[in-house]
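Next comes upload_1.cif, with mmCIF, C-alpha atoms.
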```cif
data_model
#
loop_
_atom_site.group_PDB
_atom_site.id
_atom_site.type_symbol
_atom_site.label_atom_id
_atom_site.label_comp_id
_atom_site.auth_asym_id
_atom_site.auth_seq_id
_atom_site.Cartn_x
_atom_site.Cartn_y
_atom_site.Cartn_z
ATOM 1 C CA MET G 10 108.334 87.490 97.273
ATOM 2 C CA ASP G 11 105.605 87.107 94.687
ATOM 3 C CA ILE G 12 103.786 84.850 97.169
ATOM 4 C CA THR G 13 102.149 86.539 100.145
ATOM 5 C CA LEU G 14 100.770 84.419 102.973
ATOM 6 C CA ASN G 15 98.771 85.295 106.062
ATOM 7 C CA ASP G 16 99.677 84.003 109.542
ATOM 8 C CA ILE G 17 97.493 80.904 109.337
ATOM 9 C CA GLU G 18 98.778 79.971 105.885
ATOM 10 C CA VAL G 19 102.332 80.353 107.200
ATOM 11 C CA ARG G 20 101.580 78.010 110.089
ATOM 12 C CA VAL G 21 99.871 75.424 107.852
ATOM 13 C CA LEU G 22 102.677 75.422 105.298
ATOM 14 C CA GLY G 23 105.385 75.242 107.948
ATOM 15 C CA SER G 24 103.633 72.370 109.724
ATOM 16 C CA LEU G 25 103.377 70.355 106.497
ATOM 17 C CA ILE G 26 107.079 70.819 105.780
ATOM 18 C CA GLU G 27 108.017 69.917 109.350
ATOM 19 C CA LYS G 28 106.029 66.695 109.401
ATOM 20 C CA GLU G 29 107.403 65.587 106.047
ATOM 21 C CA LEU G 30 110.961 66.000 107.366
ATOM 22 C CA THR G 31 110.462 64.688 110.907
ATOM 23 C CA THR G 32 107.771 61.993 110.572
ATOM 24 C CA PRO G 33 107.705 60.946 106.890
ATOM 25 C CA GLU G 34 105.914 57.723 107.821
ATOM 26 C CA ASN G 35 102.854 59.785 108.820
ATOM 27 C CA TYR G 36 102.996 62.148 105.851
ATOM 28 C CA PRO G 37 100.895 63.433 103.952
ATOM 29 C CA LEU G 38 98.587 64.747 106.678
ATOM 30 C CA SER G 39 94.850 64.495 107.173
ATOM 31 C CA LEU G 40 92.955 67.644 108.168
ATOM 32 C CA ASN G 41 92.814 66.478 111.777
ATOM 33 C CA SER G 42 96.544 65.694 111.921
ATOM 34 C CA LEU G 43 97.421 68.972 110.258
ATOM 35 C CA THR G 44 95.263 70.966 112.670
ATOM 36 C CA ASN G 45 96.949 69.251 115.606
ATOM 37 C CA ALA G 46 100.346 70.010 114.081
ATOM 38 C CA CYS G 47 99.445 73.672 113.716
ATOM 39 C CA ASN G 48 98.251 73.866 117.329
ATOM 40 C CA GLN G 49 101.027 71.892 119.012
ATOM 41 C CA LYS G 50 102.736 73.666 121.905
ATOM 42 C CA SER G 51 106.318 72.665 121.111
ATOM 43 C CA ASN G 52 108.391 74.185 118.305
ATOM 44 C CA ARG G 53 105.787 76.893 117.647
ATOM 45 C CA ASP G 54 105.902 80.636 118.108
ATOM 46 C CA PRO G 55 103.401 82.059 118.604
ATOM 47 C CA ALA G 56 101.140 79.332 119.962
ATOM 48 C CA MET G 57 97.875 79.046 118.045
ATOM 49 C CA THR G 58 94.487 77.443 118.613
ATOM 50 C CA LEU G 59 93.115 77.026 115.123
ATOM 51 C CA ALA G 60 89.772 75.457 114.278
ATOM 52 C CA GLU G 61 89.608 72.942 111.429
ATOM 53 C CA GLU G 62 87.548 75.448 109.435
ATOM 54 C CA GLU G 63 90.415 77.959 109.597
ATOM 55 C CA VAL G 64 92.875 75.332 108.441
ATOM 56 C CA VAL G 65 90.560 74.398 105.550
ATOM 57 C CA ARG G 66 90.425 78.028 104.392
ATOM 58 C CA ALA G 67 94.220 78.239 104.564
ATOM 59 C CA LEU G 68 94.556 74.989 102.619
ATOM 60 C CA ASP G 69 92.214 76.246 99.899
ATOM 61 C CA SER G 70 94.253 79.439 99.593
ATOM 62 C CA LEU G 71 97.555 77.547 99.513
ATOM 63 C CA ARG G 72 96.194 75.181 96.869
ATOM 64 C CA PHE G 73 95.207 78.190 94.757
ATOM 65 C CA LYS G 74 98.771 79.520 95.175
ATOM 66 C CA GLN G 75 100.096 76.093 94.108
ATOM 67 C CA LEU G 76 101.905 75.509 97.391
ATOM 68 C CA VAL G 77 99.717 72.631 98.632
ATOM 69 C CA VAL G 78 97.889 69.780 96.882
ATOM 70 C CA LEU G 79 95.485 67.044 97.853
ATOM 71 C CA SER G 80 97.541 63.871 97.966
ATOM 72 C CA ALA G 81 96.962 61.354 95.212
ATOM 73 C CA ASP G 82 97.836 58.443 97.526
ATOM 74 C CA GLY G 83 94.191 57.546 97.873
ATOM 75 C CA GLY G 84 92.589 56.304 101.053
ATOM 76 C CA ARG G 85 89.314 57.015 102.787
ATOM 77 C CA VAL G 86 90.547 60.253 104.419
ATOM 78 C CA PRO G 87 91.778 63.153 102.254
ATOM 79 C CA LYS G 88 95.404 64.068 102.949
ATOM 80 C CA TYR G 89 97.489 67.087 102.058
ATOM 81 C CA ARG G 90 101.105 67.687 101.118
ATOM 82 C CA HIS G 91 103.118 70.799 100.305
ATOM 83 C CA LEU G 92 104.809 71.665 96.991
ATOM 84 C CA MET G 93 107.579 73.920 98.305
ATOM 85 C CA ALA G 94 110.464 71.742 97.161
ATOM 86 C CA GLU G 95 109.046 71.281 93.662
ATOM 87 C CA LYS G 96 107.866 74.859 93.189
ATOM 88 C CA LEU G 97 110.957 76.613 94.545
ATOM 89 C CA GLY G 98 113.624 73.985 93.973
ATOM 90 C CA LEU G 99 114.563 73.612 97.634
ATOM 91 C CA MET G 100 117.083 71.146 99.006
ATOM 92 C CA PRO G 101 116.327 69.417 102.361
ATOM 93 C CA SER G 102 118.737 71.768 104.168
ATOM 94 C CA GLU G 103 116.954 74.780 102.693
ATOM 95 C CA GLN G 104 113.543 73.332 103.534
ATOM 96 C CA SER G 105 114.540 72.873 107.167
ATOM 97 C CA ILE G 106 115.632 76.510 107.480
ATOM 98 C CA ILE G 107 112.494 77.793 105.758
ATOM 99 C CA CYS G 108 110.360 75.524 107.949
ATOM 100 C CA GLU G 109 111.919 76.827 111.173
ATOM 101 C CA LEU G 110 111.324 80.426 110.119
ATOM 102 C CA LEU G 111 107.718 79.607 109.217
ATOM 103 C CA VAL G 112 106.788 77.853 112.462
ATOM 104 C CA ARG G 113 108.874 79.872 114.936
ATOM 105 C CA GLY G 114 109.473 83.250 113.338
ATOM 106 C CA PRO G 115 112.770 85.197 113.068
ATOM 107 C CA GLN G 116 115.826 83.446 114.531
ATOM 108 C CA THR G 117 119.602 83.739 114.769
ATOM 109 C CA VAL G 118 122.068 81.423 113.040
ATOM 110 C CA GLY G 119 122.663 79.552 116.293
ATOM 111 C CA GLU G 120 118.968 79.090 116.959
ATOM 112 C CA LEU G 121 118.373 77.827 113.439
ATOM 113 C CA ARG G 122 121.181 75.273 113.734
ATOM 114 C CA THR G 123 119.992 73.981 117.115
ATOM 115 C CA ARG G 124 116.313 73.847 116.241
ATOM 116 C CA GLY G 125 116.765 72.725 112.654
ATOM 117 C CA GLU G 126 118.821 69.640 113.607
ATOM 118 C CA ARG G 127 115.630 67.615 114.043
ATOM 119 C CA MET G 128 114.903 68.067 110.334
ATOM 120 C CA HIS G 129 118.385 68.240 108.801
ATOM 121 C CA PRO G 130 121.847 67.844 110.351
ATOM 122 C CA PHE G 131 124.158 70.860 110.135
ATOM 123 C CA GLY G 132 127.834 70.273 110.845
ATOM 124 C CA ASP G 133 128.451 73.751 112.220
ATOM 125 C CA LEU G 134 127.258 77.360 112.111
ATOM 126 C CA ALA G 135 129.104 77.903 108.838
ATOM 127 C CA ALA G 136 126.924 75.256 107.193
ATOM 128 C CA VAL G 137 123.795 77.114 108.320
ATOM 129 C CA GLU G 138 125.197 80.443 107.150
ATOM 130 C CA GLU G 139 125.930 78.945 103.737
ATOM 131 C CA VAL G 140 122.304 77.852 103.357
ATOM 132 C CA LEU G 141 121.067 81.228 104.564
ATOM 133 C CA GLN G 142 123.197 82.997 101.963
ATOM 134 C CA GLU G 143 121.871 80.732 99.212
ATOM 135 C CA LEU G 144 118.311 81.591 100.190
ATOM 136 C CA MET G 145 119.075 85.320 100.287
ATOM 137 C CA VAL G 146 120.960 85.662 96.979
ATOM 138 C CA ARG G 147 118.293 84.031 94.835
ATOM 139 C CA GLU G 148 116.779 86.056 92.031
ATOM 140 C CA THR G 149 113.730 86.210 94.300
ATOM 141 C CA PRO G 150 115.072 86.051 97.889
ATOM 142 C CA LEU G 151 113.191 83.773 100.268
ATOM 143 C CA ILE G 152 114.641 85.157 103.501
ATOM 144 C CA THR G 153 116.206 88.371 104.793
ATOM 145 C CA LEU G 154 118.497 89.446 107.625
ATOM 146 C CA MET G 155 116.631 91.777 109.974
ATOM 147 C CA PRO G 156 118.344 94.770 111.615
ATOM 148 C CA ARG G 157 120.036 93.852 114.888
ATOM 149 C CA GLN G 158 117.868 94.731 117.859
ATOM 150 C CA PRO G 159 119.069 96.618 120.920
ATOM 151 C CA GLY G 160 120.396 94.179 123.491
ATOM 152 C CA ARG G 161 121.113 91.459 120.911
ATOM 153 C CA LYS G 162 124.571 90.488 119.665
ATOM 154 C CA GLU G 163 123.280 88.932 116.447
ATOM 155 C CA GLY G 164 120.753 89.797 113.802
ATOM 156 C CA ARG G 165 117.847 87.458 113.154
ATOM 157 C CA TYR G 166 116.738 85.990 109.841
ATOM 158 C CA ALA G 167 113.100 86.110 108.693
ATOM 159 C CA GLN G 168 111.178 84.413 105.885
ATOM 160 C CA LEU G 169 109.706 86.602 103.138
ATOM 161 C CA PHE G 170 106.494 84.680 102.459
ATOM 162 C CA SER G 171 104.625 87.030 104.807
ATOM 163 C CA ALA G 172 105.099 90.466 106.308
ATOM 164 C CA ILE G 173 108.347 90.886 108.258
ATOM 165 C CA PRO G 174 107.546 91.389 111.940
ATOM 166 C CA GLU G 175 108.447 94.724 113.463
ATOM 167 C CA CYS G 176 111.503 94.714 115.694
ATOM 168 C CA ALA G 177 110.416 94.783 119.308
ATOM 169 C CA GLU G 178 112.549 96.425 121.947
ATOM 170 C CA GLU G 179 114.454 93.858 123.985
ATOM 171 C CA VAL G 180 114.394 95.980 127.118
ATOM 172 C CA SER G 181 110.939 97.310 127.878
ATOM 173 C CA GLU G 182 110.290 100.265 130.135
ATOM 174 C CA ALA G 183 109.226 99.611 133.709
ATOM 175 C CA ARG G 184 105.473 99.389 134.170
ATOM 176 C CA PRO G 185 104.127 102.570 135.843
ATOM 177 C CA GLU G 186 102.873 102.277 139.405
ATOM 178 C CA ALA G 187 99.152 101.691 139.891
ATOM 179 C CA ALA G 188 98.736 105.147 141.461
ATOM 180 C CA ARG G 189 100.453 106.790 138.486
ATOM 181 C CA GLN G 190 98.177 104.900 136.083
ATOM 182 C CA ARG G 191 95.115 106.140 138.010
ATOM 183 C CA VAL G 192 96.425 109.726 137.911
ATOM 184 C CA ALA G 193 97.047 109.445 134.175
ATOM 185 C CA ALA G 194 93.527 108.108 133.626
ATOM 186 C CA GLU G 195 92.064 110.945 135.726
ATOM 187 C CA ASN G 196 94.059 113.508 133.764
ATOM 188 C CA GLU G 197 92.793 112.051 130.498
ATOM 189 C CA ARG G 198 89.219 112.232 131.810
ATOM 190 C CA ILE G 199 89.640 115.896 132.813
ATOM 191 C CA VAL G 200 91.140 116.806 129.439
ATOM 192 C CA LYS G 201 88.230 115.088 127.686
ATOM 193 C CA LEU G 202 85.685 116.951 129.837
ATOM 194 C CA GLU G 203 87.396 120.276 129.130
ATOM 195 C CA THR G 204 87.366 119.512 125.412
ATOM 196 C CA ASP G 205 83.673 118.594 125.536
ATOM 197 C CA VAL G 206 82.807 121.802 127.479
ATOM 198 C CA THR G 207 84.697 123.911 124.938
ATOM 199 C CA ALA G 208 82.871 122.232 122.077
ATOM 200 C CA LEU G 209 79.482 122.803 123.766
ATOM 201 C CA HIS G 210 80.381 126.437 124.417
ATOM 202 C CA ASP G 211 81.161 126.942 120.740
ATOM 203 C CA GLU G 212 77.888 125.253 119.732
ATOM 204 C CA VAL G 213 75.864 127.512 122.061
ATOM 205 C CA ALA G 214 77.624 130.578 120.662
ATOM 206 C CA ASP G 215 76.781 129.482 117.122
ATOM 207 C CA LEU G 216 73.135 128.921 118.079
ATOM 208 C CA ARG G 217 72.915 132.391 119.635
ATOM 209 C CA ARG G 218 74.399 133.949 116.516
ATOM 210 C CA LEU G 219 71.932 132.098 114.292
ATOM 211 C CA MET G 220 69.041 133.148 116.546
ATOM 212 C CA GLU G 221 70.088 136.806 116.384
ATOM 213 C CA GLU G 222 70.280 136.627 112.603
ATOM 214 C CA PHE G 223 66.833 135.009 112.496
ATOM 215 C CA LYS G 224 65.309 137.781 114.681
ATOM 216 C CA LYS G 225 66.754 140.524 112.481
ATOM 217 C CA GLN G 226 64.724 139.180 109.567
ATOM 218 C CA PHE G 227 61.508 140.302 111.318
ATOM 219 C CA GLU G 228 62.651 143.703 112.575
#
```
Now, as a test, write the supplied structure out as structure tokens.
Amino acid sequence: MDITLNDIEVRVLGSLIEKELTTPENYPLSLNSLTNACNQKSNRDPAMTLAEEEVVRALDSLRFKQLVVLSADGGRVPKYRHLMAEKLGLMPSEQSIICELLVRGPQTVGELRTRGERMHPFGDLAAVEEVLQELMVRETPLITLMPRQPGRKEGRYAQLFSAIPECAEEVSEARPEAARQRVAAENERIVKLETDVTALHDEVADLRRLMEEFKKQFE
């Protein structure tokens, strides 16, 4: 993607798209409404607690990238809307998929169908897969299929407006016992002390050598 967004810009853009598709009667959004949308607990991953100042900075950056504009609807309170559909030529079905990936991160076909229904109805998984393919085969792809993770039957799709998250292991190793953690910490402390003693020994040896060389100048 020619457009690179940070995590807050991703959340702001995704929230604007979501609210346009789910609550058009309340769209465009004021700064306060947008901040609340970014920080809502449902349909968000990860959860965020953004200040209005952070949202303003993200809006300014997105406006510079021509992805967001100040609404021309007028009114006493400034309101903002996104330009994704106009800029990238997205259909509502494509916007819903992009939105889900922006606000909730990488997801499988099944997850995208279930969660995207609130923004656009998909008849079946094949309908979602068709949209995903359209977004991937563009001259400039908007999404990608991530490698399948251990323990997962399906690969997950990710948006390409920001850095692709690293694949985390599904099955994490057991947490070491408290006693083992204390032993490991003690071992690290001993190794550090030994390293420090060795370094001091070398410094003393160097000082002795320099002192001997200094004395020889007066013999």
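Atom CA of Leu30 of chain G sits 16.6 Å away from atom CA of Leu97 of chain G.
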Exercise for the section: Give me the residues within 10 Å of Leu111 of chain G as a PyMOL selection string, counting all atoms listed in the file and dropping any in the same chain fewer than 3 places off. Expected result: chain G and resi 16+18-24+26-27+53-54+105-108+114-115+167-171
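For the choices G:Asn15, G:Ser51, G:Thr31, G:Ser70, the atom-to-atom distance to Glu126 of chain G is smallest for G:Thr31 when using all atoms listed in the file.
The space between atom CA of Leu141 of chain G and atom CA of Leu25 of chain G spans 20.9 Å.
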Exercise for the section: I would like the residues chosen by the PyMOL selection byres ((chain G and resi 87-90) around 6) on the shown file; could you give them as a PyMOL selection string? Expected result: chain G and resi 37-39+77-80+86+91
Exercise for the section: For Gly164 of chain G, work out the shell of residues within 6 Å, counting all atoms listed in the file and skipping chain neighbours fewer than 2 positions away, then give it as a PyMOL selection string. Expected result: chain G and resi 155-157
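Computed from the coordinates, the atom CA of Pro130 of chain G to atom CA of Pro101 of chain G distance equals 9.8 Å.
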Exercise for the section: Report the residues retrieved by the PyMOL selection byres ((chain G and resi 163) around 12) from the displayed file, expressed as a ChimeraX atom specification. Expected result: /G:115-120,154-162,164-166
Handout entry: From G:Leu110, G:Met128, G:Ala135, G:Leu14, residue lying nearest Lys74 of chain G [all atoms listed in the file]
Key =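 Among G:Leu110, G:Met128, G:Ala135, G:Leu14, it is G:Leu14 that comes nearest to Lys74 of chain G.
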Find the residues with any atom within 9 Å of (93.2, 78.8, 110.3); use all atoms listed in the file and the coordinates as given in the file, and write the answer as a PDB file with C-alpha atoms, in the coordinates of the input.
```
ATOM      1  CA  ASP G  16      99.677  84.003 109.542  1.00  0.00           C
ATOM      2  CA  ILE G  17      97.493  80.904 109.337  1.00  0.00           C
ATOM      3  CA  GLU G  18      98.778  79.971 105.885  1.00  0.00           C
ATOM      4  CA  ARG G  20     101.580  78.010 110.089  1.00  0.00           C
ATOM      5  CA  VAL G  21      99.871  75.424 107.852  1.00  0.00           C
ATOM      6  CA  THR G  44      95.263  70.966 112.670  1.00  0.00           C
ATOM      7  CA  CYS G  47      99.445  73.672 113.716  1.00  0.00           C
ATOM      8  CA  THR G  58      94.487  77.443 118.613  1.00  0.00           C
ATOM      9  CA  LEU G  59      93.115  77.026 115.123  1.00  0.00           C
ATOM     10  CA  ALA G  60      89.772  75.457 114.278  1.00  0.00           C
ATOM     11  CA  GLU G  61      89.608  72.942 111.429  1.00  0.00           C
ATOM     12  CA  GLU G  62      87.548  75.448 109.435  1.00  0.00           C
ATOM     13  CA  GLU G  63      90.415  77.959 109.597  1.00  0.00           C
ATOM     14  CA  VAL G  64      92.875  75.332 108.441  1.00  0.00           C
ATOM     15  CA  VAL G  65      90.560  74.398 105.550  1.00  0.00           C
ATOM     16  CA  ARG G  66      90.425  78.028 104.392  1.00  0.00           C
ATOM     17  CA  ALA G  67      94.220  78.239 104.564  1.00  0.00           C
ATOM     18  CA  LEU G  68      94.556  74.989 102.619  1.00  0.00           C
TER      19      LEU G  68
END
```
Completion exercise
For Ser102 of chain G, the closest of G:Leu151, G:Val140, G:Leu134, G:Met145 counting all atoms listed in the file is G:Val140
Handout entry: Among the residues G:Glu103, G:Arg127, G:Leu43, G:Gly84, the one that comes closest to Glu139 of chain G [using only C-alpha atoms]
Key =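 Selected residue with least distance to Glu139 of chain G: G:Glu103.
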N, CA and C atoms modelled onto segment 200-220 of chain G, as a PDB file, in the frame of the given file:
```pdb
ATOM      1  N   VAL G 200      90.882 116.194 130.747  1.00  0.00           N
ATOM      2  CA  VAL G 200      91.140 116.806 129.439  1.00  0.00           C
ATOM      3  C   VAL G 200      89.961 116.582 128.504  1.00  0.00           C
ATOM      4  N   LYS G 201      89.388 115.373 128.533  1.00  0.00           N
ATOM      5  CA  LYS G 201      88.230 115.088 127.686  1.00  0.00           C
ATOM      6  C   LYS G 201      87.039 115.958 128.076  1.00  0.00           C
ATOM      7  N   LEU G 202      86.796 116.111 129.377  1.00  0.00           N
ATOM      8  CA  LEU G 202      85.685 116.951 129.837  1.00  0.00           C
ATOM      9  C   LEU G 202      85.884 118.389 129.393  1.00  0.00           C
ATOM     10  N   GLU G 203      87.112 118.902 129.538  1.00  0.00           N
ATOM     11  CA  GLU G 203      87.396 120.276 129.130  1.00  0.00           C
ATOM     12  C   GLU G 203      87.174 120.448 127.632  1.00  0.00           C
ATOM     13  N   THR G 204      87.570 119.439 126.864  1.00  0.00           N
ATOM     14  CA  THR G 204      87.366 119.512 125.412  1.00  0.00           C
ATOM     15  C   THR G 204      85.883 119.513 125.072  1.00  0.00           C
ATOM     16  N   ASP G 205      85.113 118.660 125.778  1.00  0.00           N
ATOM     17  CA  ASP G 205      83.673 118.594 125.536  1.00  0.00           C
ATOM     18  C   ASP G 205      82.990 119.911 125.904  1.00  0.00           C
ATOM     19  N   VAL G 206      83.394 120.532 127.046  1.00  0.00           N
ATOM     20  CA  VAL G 206      82.807 121.802 127.479  1.00  0.00           C
ATOM     21  C   VAL G 206      83.099 122.901 126.462  1.00  0.00           C
ATOM     22  N   THR G 207      84.329 122.912 125.947  1.00  0.00           N
ATOM     23  CA  THR G 207      84.697 123.911 124.938  1.00  0.00           C
ATOM     24  C   THR G 207      83.858 123.749 123.677  1.00  0.00           C
ATOM     25  N   ALA G 208      83.670 122.489 123.272  1.00  0.00           N
ATOM     26  CA  ALA G 208      82.871 122.232 122.077  1.00  0.00           C
ATOM     27  C   ALA G 208      81.424 122.668 122.285  1.00  0.00           C
ATOM     28  N   LEU G 209      80.854 122.384 123.465  1.00  0.00           N
ATOM     29  CA  LEU G 209      79.482 122.803 123.766  1.00  0.00           C
ATOM     30  C   LEU G 209      79.372 124.317 123.808  1.00  0.00           C
ATOM     31  N   HIS G 210      80.377 124.971 124.365  1.00  0.00           N
ATOM     32  CA  HIS G 210      80.381 126.437 124.417  1.00  0.00           C
ATOM     33  C   HIS G 210      80.339 127.028 123.014  1.00  0.00           C
ATOM     34  N   ASP G 211      81.137 126.452 122.121  1.00  0.00           N
ATOM     35  CA  ASP G 211      81.161 126.942 120.740  1.00  0.00           C
ATOM     36  C   ASP G 211      79.814 126.703 120.061  1.00  0.00           C
ATOM     37  N   GLU G 212      79.183 125.544 120.340  1.00  0.00           N
ATOM     38  CA  GLU G 212      77.888 125.253 119.732  1.00  0.00           C
ATOM     39  C   GLU G 212      76.824 126.232 120.219  1.00  0.00           C
ATOM     40  N   VAL G 213      76.830 126.546 121.514  1.00  0.00           N
ATOM     41  CA  VAL G 213      75.864 127.512 122.061  1.00  0.00           C
ATOM     42  C   VAL G 213      76.075 128.883 121.442  1.00  0.00           C
ATOM     43  N   ALA G 214      77.332 129.281 121.277  1.00  0.00           N
ATOM     44  CA  ALA G 214      77.624 130.578 120.662  1.00  0.00           C
ATOM     45  C   ALA G 214      77.104 130.626 119.235  1.00  0.00           C
ATOM     46  N   ASP G 215      77.281 129.534 118.492  1.00  0.00           N
ATOM     47  CA  ASP G 215      76.781 129.482 117.122  1.00  0.00           C
ATOM     48  C   ASP G 215      75.259 129.564 117.089  1.00  0.00           C
ATOM     49  N   LEU G 216      74.599 128.876 118.024  1.00  0.00           N
ATOM     50  CA  LEU G 216      73.135 128.921 118.079  1.00  0.00           C
ATOM     51  C   LEU G 216      72.642 130.330 118.385  1.00  0.00           C
ATOM     52  N   ARG G 217      73.298 131.018 119.314  1.00  0.00           N
ATOM     53  CA  ARG G 217      72.915 132.391 119.635  1.00  0.00           C
ATOM     54  C   ARG G 217      73.074 133.305 118.428  1.00  0.00           C
ATOM     55  N   ARG G 218      74.181 133.119 117.697  1.00  0.00           N
ATOM     56  CA  ARG G 218      74.399 133.949 116.516  1.00  0.00           C
ATOM     57  C   ARG G 218      73.320 133.708 115.476  1.00  0.00           C
ATOM     58  N   LEU G 219      72.977 132.413 115.264  1.00  0.00           N
ATOM     59  CA  LEU G 219      71.932 132.098 114.292  1.00  0.00           C
ATOM     60  C   LEU G 219      70.578 132.655 114.720  1.00  0.00           C
ATOM     61  N   MET G 220      70.304 132.613 116.036  1.00  0.00           N
ATOM     62  CA  MET G 220      69.041 133.148 116.546  1.00  0.00           C
ATOM     63  C   MET G 220      68.956 134.652 116.343  1.00  0.00           C
TER      64      MET G 220
END
```
